[in-house]
>>> print(open('my_file.cif').read())   # mmCIF, C-alpha atoms and all ligand atoms
data_protein
#
loop_
_atom_site.label_atom_id
_atom_site.label_comp_id
_atom_site.auth_asym_id
_atom_site.auth_seq_id
_atom_site.Cartn_x
_atom_site.Cartn_y
_atom_site.Cartn_z
CA MET P 1 11.25 -18.17 -27.16
CA ILE P 2 8.34 -16.26 -25.78
CA CYS P 3 6.46 -17.90 -22.99
CA LEU P 4 3.34 -15.79 -22.95
CA GLN P 5 0.79 -18.46 -23.49
CA ARG P 6 -2.17 -16.29 -22.88
CA SER P 7 -2.51 -12.64 -22.14
CA ARG P 8 -4.89 -11.14 -19.64
CA GLN P 9 -4.38 -7.74 -21.07
CA GLY P 10 -6.74 -5.04 -19.90
CA LYS P 11 -8.50 -7.13 -17.28
CA VAL P 12 -7.35 -5.10 -14.31
CA ASP P 13 -8.59 -1.58 -13.83
CA PRO P 14 -6.10 1.20 -12.97
CA VAL P 15 -7.30 1.57 -9.38
CA THR P 16 -6.87 -2.10 -8.67
CA LEU P 17 -3.58 -2.03 -10.49
CA GLY P 18 -2.33 0.69 -8.16
CA LYS P 19 -3.44 -1.23 -5.10
CA LEU P 20 -1.75 -4.34 -6.35
CA ILE P 21 1.49 -2.55 -6.99
CA THR P 22 1.68 -0.67 -3.73
CA GLY P 23 1.92 -2.36 -0.39
CA GLN P 24 3.51 -5.51 -1.66
CA VAL P 25 6.09 -6.96 0.64
CA ASP P 26 6.73 -10.48 -0.54
CA GLN P 27 5.60 -13.05 -3.09
CA LEU P 28 5.38 -10.41 -5.74
CA ARG P 29 4.33 -10.89 -9.28
CA VAL P 30 7.49 -10.43 -11.29
CA LEU P 31 7.92 -9.74 -14.98
CA LEU P 32 11.23 -11.21 -16.07
CA VAL P 33 12.53 -9.74 -19.33
CA GLU P 34 15.52 -11.70 -20.60
CA ASP P 35 16.40 -13.08 -24.03
CA ASP P 36 19.13 -15.41 -22.78
CA GLU P 37 17.24 -18.60 -22.10
CA LEU P 38 19.81 -19.98 -19.70
CA ILE P 39 19.80 -16.89 -17.50
CA ALA P 40 16.03 -16.60 -17.75
CA ASN P 41 15.52 -20.18 -16.61
CA GLY P 42 17.96 -19.76 -13.72
CA VAL P 43 16.38 -16.56 -12.45
CA ARG P 44 12.86 -17.85 -12.97
CA GLU P 45 13.53 -21.02 -11.05
CA ALA P 46 15.21 -19.13 -8.22
CA LEU P 47 12.28 -16.71 -7.98
CA ARG P 48 9.75 -19.52 -7.98
CA ARG P 49 11.60 -21.40 -5.30
CA ARG P 50 11.17 -18.33 -3.16
CA ALA P 51 7.47 -18.25 -3.88
CA TYR P 52 7.50 -15.37 -6.32
CA GLN P 53 5.17 -15.52 -9.24
CA VAL P 54 7.08 -15.06 -12.48
CA ASP P 55 6.07 -14.28 -16.05
CA TRP P 56 8.83 -14.33 -18.60
CA VAL P 57 9.17 -12.52 -21.92
CA SER P 58 12.25 -12.39 -24.13
CA ASP P 59 11.44 -9.50 -26.44
CA GLY P 60 11.44 -5.77 -25.66
CA LYS P 61 8.13 -5.05 -27.34
CA ASP P 62 6.42 -7.91 -25.53
CA ALA P 63 7.93 -6.61 -22.31
CA LEU P 64 6.50 -3.14 -22.84
CA ASN P 65 3.10 -4.51 -23.72
CA ALA P 66 3.07 -6.87 -20.76
CA ALA P 67 4.22 -4.22 -18.28
CA MET P 68 1.73 -1.66 -19.57
CA HIS P 69 -1.28 -3.91 -19.24
CA ASN P 70 -0.66 -6.23 -16.32
CA PRO P 71 -0.33 -5.70 -12.59
CA PHE P 72 3.30 -6.56 -12.03
CA ASP P 73 4.94 -5.61 -8.78
CA LEU P 74 8.46 -5.77 -10.11
CA ILE P 75 10.25 -5.90 -13.45
CA ILE P 76 13.64 -7.54 -13.85
CA LEU P 77 14.92 -6.14 -17.09
CA ASP P 78 17.76 -7.09 -19.40
CA LEU P 79 18.90 -4.28 -21.70
CA GLY P 80 20.17 -5.98 -24.86
CA LEU P 81 16.90 -7.36 -26.21
CA PRO P 82 15.33 -8.11 -29.58
CA GLY P 83 12.43 -5.89 -30.58
CA LEU P 84 13.16 -2.97 -28.30
CA ASP P 85 16.15 -2.17 -26.13
CA GLY P 86 15.58 -2.44 -22.39
CA LEU P 87 16.35 1.26 -21.89
CA GLN P 88 13.63 2.13 -24.40
CA VAL P 89 11.21 -0.16 -22.61
CA LEU P 90 11.98 1.57 -19.34
CA SER P 91 11.74 5.09 -20.78
CA ALA P 92 8.43 4.28 -22.46
CA LEU P 93 6.98 2.90 -19.22
CA ARG P 94 8.06 5.90 -17.19
CA SER P 95 6.79 8.35 -19.79
CA HIS P 96 3.39 6.68 -19.40
CA GLN P 97 3.59 7.14 -15.62
CA LYS P 98 4.02 3.43 -15.23
CA ASN P 99 6.10 3.28 -12.08
CA THR P 100 6.41 -0.44 -11.48
CA PRO P 101 9.76 -0.91 -9.72
CA ALA P 102 12.43 -2.16 -12.11
CA ILE P 103 15.81 -3.77 -11.58
CA VAL P 104 18.08 -3.72 -14.61
CA LEU P 105 20.13 -6.87 -15.08
CA SER P 106 22.66 -6.21 -17.80
CA ALA P 107 26.11 -7.02 -19.08
CA ARG P 108 26.58 -3.29 -19.71
CA GLY P 109 28.69 -2.55 -16.72
CA THR P 110 30.34 0.84 -17.04
CA THR P 111 29.51 3.71 -14.74
CA GLN P 112 27.99 5.51 -17.72
CA ASN P 113 25.75 2.49 -18.42
CA ARG P 114 24.53 2.48 -14.84
CA ILE P 115 23.85 6.18 -14.90
CA GLU P 116 21.86 5.78 -18.11
CA GLY P 117 19.85 2.93 -16.63
CA LEU P 118 19.03 4.78 -13.44
CA ASN P 119 18.21 7.95 -15.36
CA ALA P 120 15.89 5.98 -17.63
CA GLY P 121 13.91 5.03 -14.53
CA ALA P 122 15.51 1.90 -13.13
CA ASP P 123 15.25 1.53 -9.37
CA ASP P 124 18.37 -0.56 -9.24
CA TYR P 125 21.06 -1.83 -11.58
CA LEU P 126 22.91 -5.10 -11.37
CA VAL P 127 25.73 -6.08 -13.72
CA LYS P 128 26.09 -9.58 -15.19
CA PRO P 129 27.49 -11.92 -14.14
CA PHE P 130 25.65 -11.49 -10.90
CA ASP P 131 25.06 -13.41 -7.71
CA LEU P 132 21.49 -14.58 -7.19
CA GLU P 133 21.74 -13.75 -3.50
CA GLU P 134 22.58 -10.17 -4.39
CA LEU P 135 19.63 -10.03 -6.76
CA PHE P 136 17.34 -11.18 -3.94
CA ALA P 137 18.85 -8.71 -1.50
CA ARG P 138 18.08 -5.93 -3.97
CA ILE P 139 14.57 -7.25 -4.60
CA HIS P 140 13.93 -7.26 -0.85
CA ALA P 141 15.22 -3.70 -0.57
CA ILE P 142 12.79 -2.60 -3.28
CA GLU P 143 9.96 -4.47 -1.60
CA ARG P 144 10.66 -2.66 1.66
CA ARG P 145 10.74 0.69 -0.11
CA SER P 146 7.55 -0.05 -2.05
CA SER P 147 5.64 -1.08 1.01
CA GLY P 148 7.04 1.62 3.25
CA ALA P 149 7.37 -1.15 5.79
CA ALA P 150 10.17 -1.16 8.30
CA THR P 151 9.50 -4.77 9.14
CA ASN P 152 8.39 -7.83 7.26
CA VAL P 153 5.38 -8.45 9.46
CA LEU P 154 1.85 -7.66 8.34
CA THR P 155 -0.67 -7.50 11.17
CA LEU P 156 -4.43 -7.20 11.01
CA GLY P 157 -6.58 -7.88 14.06
CA ASP P 158 -5.46 -11.16 15.58
CA ILE P 159 -3.65 -12.29 12.46
CA GLU P 160 0.05 -11.78 11.98
CA LEU P 161 1.87 -12.66 8.77
CA ASP P 162 5.62 -12.93 8.85
CA LEU P 163 6.35 -12.27 5.20
CA ALA P 164 10.01 -13.20 5.35
CA ALA P 165 9.53 -16.50 7.16
CA LEU P 166 6.12 -17.19 5.52
CA ARG P 167 4.64 -17.85 8.97
CA VAL P 168 1.12 -17.14 10.13
CA LEU P 169 0.20 -16.46 13.72
CA TYR P 170 -3.40 -16.34 14.87
CA ARG P 171 -3.77 -15.01 18.42
CA GLY P 172 -0.13 -15.82 18.92
CA SER P 173 -0.35 -19.45 17.79
CA GLU P 174 1.22 -20.62 14.59
CA VAL P 175 -1.17 -21.76 11.87
CA SER P 176 0.03 -23.90 9.01
CA LEU P 177 -1.04 -22.49 5.66
CA GLN P 178 -0.01 -23.68 2.24
CA ARG P 179 1.87 -21.22 0.09
CA ARG P 180 -1.12 -20.23 -2.06
CA GLU P 181 -3.31 -19.87 1.00
CA PHE P 182 -0.67 -17.64 2.53
CA SER P 183 -0.48 -15.51 -0.64
CA LEU P 184 -4.24 -15.18 -0.79
CA LEU P 185 -4.53 -14.16 2.84
CA LYS P 186 -1.73 -11.67 2.41
CA LYS P 187 -3.39 -10.16 -0.65
CA LEU P 188 -6.62 -9.62 1.27
CA MET P 189 -4.87 -8.30 4.37
CA GLU P 190 -2.87 -5.74 2.43
CA SER P 191 -6.03 -3.98 1.27
CA PRO P 192 -8.49 -4.74 4.07
CA ARG P 193 -11.23 -2.47 2.74
CA GLN P 194 -11.06 -3.72 -0.81
CA VAL P 195 -13.34 -6.33 -2.31
CA PHE P 196 -11.44 -8.57 -4.70
CA THR P 197 -13.14 -10.45 -7.50
CA ARG P 198 -12.21 -14.08 -7.92
CA GLU P 199 -10.54 -13.10 -11.18
CA GLN P 200 -8.35 -10.51 -9.46
CA LEU P 201 -7.28 -13.02 -6.85
CA GLU P 202 -6.46 -15.60 -9.50
CA GLU P 203 -4.49 -12.97 -11.38
CA SER P 204 -2.50 -12.12 -8.30
CA LEU P 205 -1.71 -15.74 -7.43
CA TYR P 206 -0.95 -17.16 -10.82
CA GLY P 207 0.89 -16.26 -13.97
CA TRP P 208 -0.45 -16.45 -17.46
CA THR P 209 0.85 -19.92 -17.90
CA SER P 210 -0.97 -21.66 -15.09
CA ASP P 211 -3.98 -23.80 -15.71
CA LEU P 212 -6.25 -23.04 -12.88
CA GLY P 213 -9.27 -25.00 -11.77
CA SER P 214 -12.31 -22.73 -11.72
CA ASN P 215 -12.88 -23.23 -8.01
CA ALA P 216 -9.27 -22.94 -6.82
CA ILE P 217 -9.83 -19.66 -5.03
CA ASP P 218 -12.92 -21.04 -3.28
CA VAL P 219 -10.90 -23.99 -2.08
CA TYR P 220 -8.16 -21.76 -0.68
CA VAL P 221 -10.73 -19.55 1.03
CA HIS P 222 -12.40 -22.63 2.50
CA ASN P 223 -9.06 -23.89 3.82
CA ILE P 224 -8.11 -20.55 5.34
CA ARG P 225 -11.46 -20.32 7.09
CA LYS P 226 -11.02 -23.81 8.46
CA LYS P 227 -7.52 -23.12 9.74
CA LEU P 228 -8.16 -19.67 11.22
CA TYR P 229 -11.72 -18.90 12.12
CA GLY P 230 -14.80 -19.12 9.97
CA ASP P 231 -15.48 -15.53 9.08
CA VAL P 232 -11.95 -14.29 8.52
CA ILE P 233 -12.78 -13.96 4.82
CA LYS P 234 -16.18 -12.63 3.84
CA THR P 235 -17.87 -13.73 0.64
CA LEU P 236 -19.87 -11.04 -1.14
CA ARG P 237 -22.15 -13.10 -3.33
CA GLY P 238 -21.66 -12.40 -7.00
CA VAL P 239 -18.91 -9.88 -6.27
CA GLY P 240 -15.94 -11.45 -4.58
CA TYR P 241 -14.04 -11.62 -1.33
CA ARG P 242 -12.67 -9.33 1.31
CA ILE P 243 -11.07 -9.75 4.68
CA ASP P 244 -13.40 -9.56 7.70
CA PRO P 245 -14.02 -5.79 7.98
CA ASN P 246 -13.96 -5.99 11.79
CA LEU P 247 -10.28 -6.80 11.57
CA ALA P 248 -9.61 -3.53 9.80
CA ASP P 249 -11.36 -1.35 12.41
CA CA E 301 20.27 -9.80 -23.65
#
>>> encode(input="my_file.cif", output="structure tokens")
Amino acid sequence: MICLQRSRQGKVDPVTLGKLITGQVDQLRVLLVEDDELIANGVREALRRRAYQVDWVSDGKDALNAAMHNPFDLIILDLGLPGLDGLQVLSALRSHQKNTPAIVLSARGTTQNRIEGLNAGADDYLVKPFDLEELFARIHAIERRSSGAATNVLTLGDIELDLAALRVLYRGSEVSLQRREFSLLKKLMESPRQVFTREQLEESLYGWTSDLGSNAIDVYVHNIRKKLYGDVIKTLRGVGYRIDPNLAD
């Protein structure tokens, strides 16, 4: 029941990985580790409805491998898993200085269980059965902590992204962007001095399981330029994209 259709293991360098992990406020890339298919489907659907990008694994070893080698922003981790127990996954990640925020989602509900989970490196611990709204409240709390942001608004130059409402304001006027366009703009705005390759942008917008047209990123960039102003995203030929550097000054 593993849904890793293709792995992009090792494609992202550690520096980029760090930049991807920090500063994320919304629409994160989530690794869902859950061997109960029913729960996994429910959580995955709920996350997707809220515009999160989700990759799902059902085995502890796959989870460790995936989390070690891919730029996830958040791990939602069951404990009772085939292959490797969730606590072992967590301990192994932390011992490798892999500090991706993790929320444990487990039926193990005693105080001792929670203490063990938090001591193993979980950022939060939620006992099954759980309320999806509570899960999202906890995810949002982690996002705020990760980003260091007191608000959910990301501003750069004349562009303002309301990450909670998924609204874009340009010079105070609302601009209608599609979800992927919003995610792409957000990604660029979060690291305004960084040049992203097309591959990195694809990686950040899609999971392993998506079939992506080779020019999808170009199309999104074209649309954003059309809707905001032409030079908001700079193309560095043969390298990639970055946000207009004037916005960052
Ligand atoms: Ca389980």
>>> residues_near_ligand(input="my_file.cif", ligand="ligand CA 301 (chain E)", cutoff="10 Å", atoms="all atoms listed in the file", output="list of chain:residue names")
P:Val33, P:Glu34, P:Asp35, P:Asp36, P:Glu37, P:Ile39, P:Ala40, P:Ser58, P:Asp59, P:Gly60, P:Leu77, P:Asp78, P:Leu79, P:Gly80, P:Leu81, P:Pro82, P:Asp85, P:Gly86, P:Leu105, P:Ser106, P:Ala107, P:Arg108
>>> write_last_selection(input="my_file.cif", atoms="C-alpha atoms", output="mmCIF file, in the coordinates of the input")
data_model
loop_
_atom_site.group_PDB
_atom_site.id
_atom_site.type_symbol
_atom_site.label_atom_id
_atom_site.label_comp_id
_atom_site.auth_asym_id
_atom_site.auth_seq_id
_atom_site.Cartn_x
_atom_site.Cartn_y
_atom_site.Cartn_z
ATOM 1 C CA VAL P 33 12.530 -9.740 -19.330
ATOM 2 C CA GLU P 34 15.520 -11.700 -20.600
ATOM 3 C CA ASP P 35 16.400 -13.080 -24.030
ATOM 4 C CA ASP P 36 19.130 -15.410 -22.780
ATOM 5 C CA GLU P 37 17.240 -18.600 -22.100
ATOM 6 C CA ILE P 39 19.800 -16.890 -17.500
ATOM 7 C CA ALA P 40 16.030 -16.600 -17.750
ATOM 8 C CA SER P 58 12.250 -12.390 -24.130
ATOM 9 C CA ASP P 59 11.440 -9.500 -26.440
ATOM 10 C CA GLY P 60 11.440 -5.770 -25.660
ATOM 11 C CA LEU P 77 14.920 -6.140 -17.090
ATOM 12 C CA ASP P 78 17.760 -7.090 -19.400
ATOM 13 C CA LEU P 79 18.900 -4.280 -21.700
ATOM 14 C CA GLY P 80 20.170 -5.980 -24.860
ATOM 15 C CA LEU P 81 16.900 -7.360 -26.210
ATOM 16 C CA PRO P 82 15.330 -8.110 -29.580
ATOM 17 C CA ASP P 85 16.150 -2.170 -26.130
ATOM 18 C CA GLY P 86 15.580 -2.440 -22.390
ATOM 19 C CA LEU P 105 20.130 -6.870 -15.080
ATOM 20 C CA SER P 106 22.660 -6.210 -17.800
ATOM 21 C CA ALA P 107 26.110 -7.020 -19.080
ATOM 22 C CA ARG P 108 26.580 -3.290 -19.710
#
>>> closest_residue(input="my_file.cif", among="P:Gln53, P:Thr235, P:Thr155, P:Gln112", to="P:Ile217", atoms="only C-alpha atoms")
P:Thr235
>>> axis_aligned_box(input="my_file.cif", around="stretch 54-67 of chain P", padding_each_side="3 Å", output="lines of an AutoDock Vina configuration file")
center_x = 7.7
center_y = -9.1
center_z = -19.9
size_x = 15.2
size_y = 17.9
size_z = 20.9
>>> closest_residue(input="my_file.cif", among="P:Phe196, P:Tyr125, P:Phe182, P:Phe72", to="P:Arg29", atoms="only C-alpha atoms")
P:Phe72
>>> atom_distance(input="my_file.cif", atom1="atom CA of P:Leu47", atom2="atom CA of P:Leu84")
24.5 Å
>>> closest_residue(input="my_file.cif", among="P:Val54, P:Val239, P:Leu154, P:Leu31", to="P:Pro101", atoms="only C-alpha atoms")
P:Leu31
>>> atom_distance(input="my_file.cif", atom1="atom CA of P:Asp231", atom2="atom CA of P:Ser176")
17.6 Å
>>> atom_distance(input="my_file.cif", atom1="atom CA of P:Val219", atom2="atom CA of P:Leu236")
15.8 Å
>>> closest_residue(input="my_file.cif", among="P:Leu166, P:Glu199, P:Arg138, P:Asn113", to="P:Ser183", atoms="all atoms listed in the file")
P:Leu166
>>> residues_around(input="my_file.cif", residues="stretch 61-65 of chain P", least_positions_apart="3", cutoff="7 Å", atoms="only C-alpha atoms", output="PyMOL selection string")
chain P and resi 33+57+68-69+83-84+89
>>> residues_around(input="my_file.cif", residues="stretch 94-99 of chain P", least_positions_apart="5", cutoff="10 Å", atoms="all atoms listed in the file", output="JSON, numbers by chain")
{"P": [18, 21, 67, 68, 69, 73, 74, 88, 89, 120, 121, 122, 123]}
>>> closest_residue(input="my_file.cif", among="P:Val168, P:Ser91, P:Ala141, P:Ala46", to="P:Leu118", atoms="all atoms listed in the file")
P:Ser91
>>> residues_around(input="my_file.cif", residues="P:Arg167", least_positions_apart="6", cutoff="10 Å", atoms="only C-alpha atoms", output="list in words")
Val153, Glu160, Leu161, Glu174, Val175, Ser176, Leu177, Arg179 and Phe182 of chain P
>>> closest_residue(input="my_file.cif", among="P:Glu181, P:Asp244, P:Glu190, P:Asp131", to="P:Glu202", atoms="all atoms listed in the file")
P:Glu181
>>> residues_around(input="my_file.cif", residues="P:Gly157", least_positions_apart="5", cutoff="12 Å", atoms="only C-alpha atoms", output="ChimeraX atom specification")
/P:169-172,189,192,232,243-249
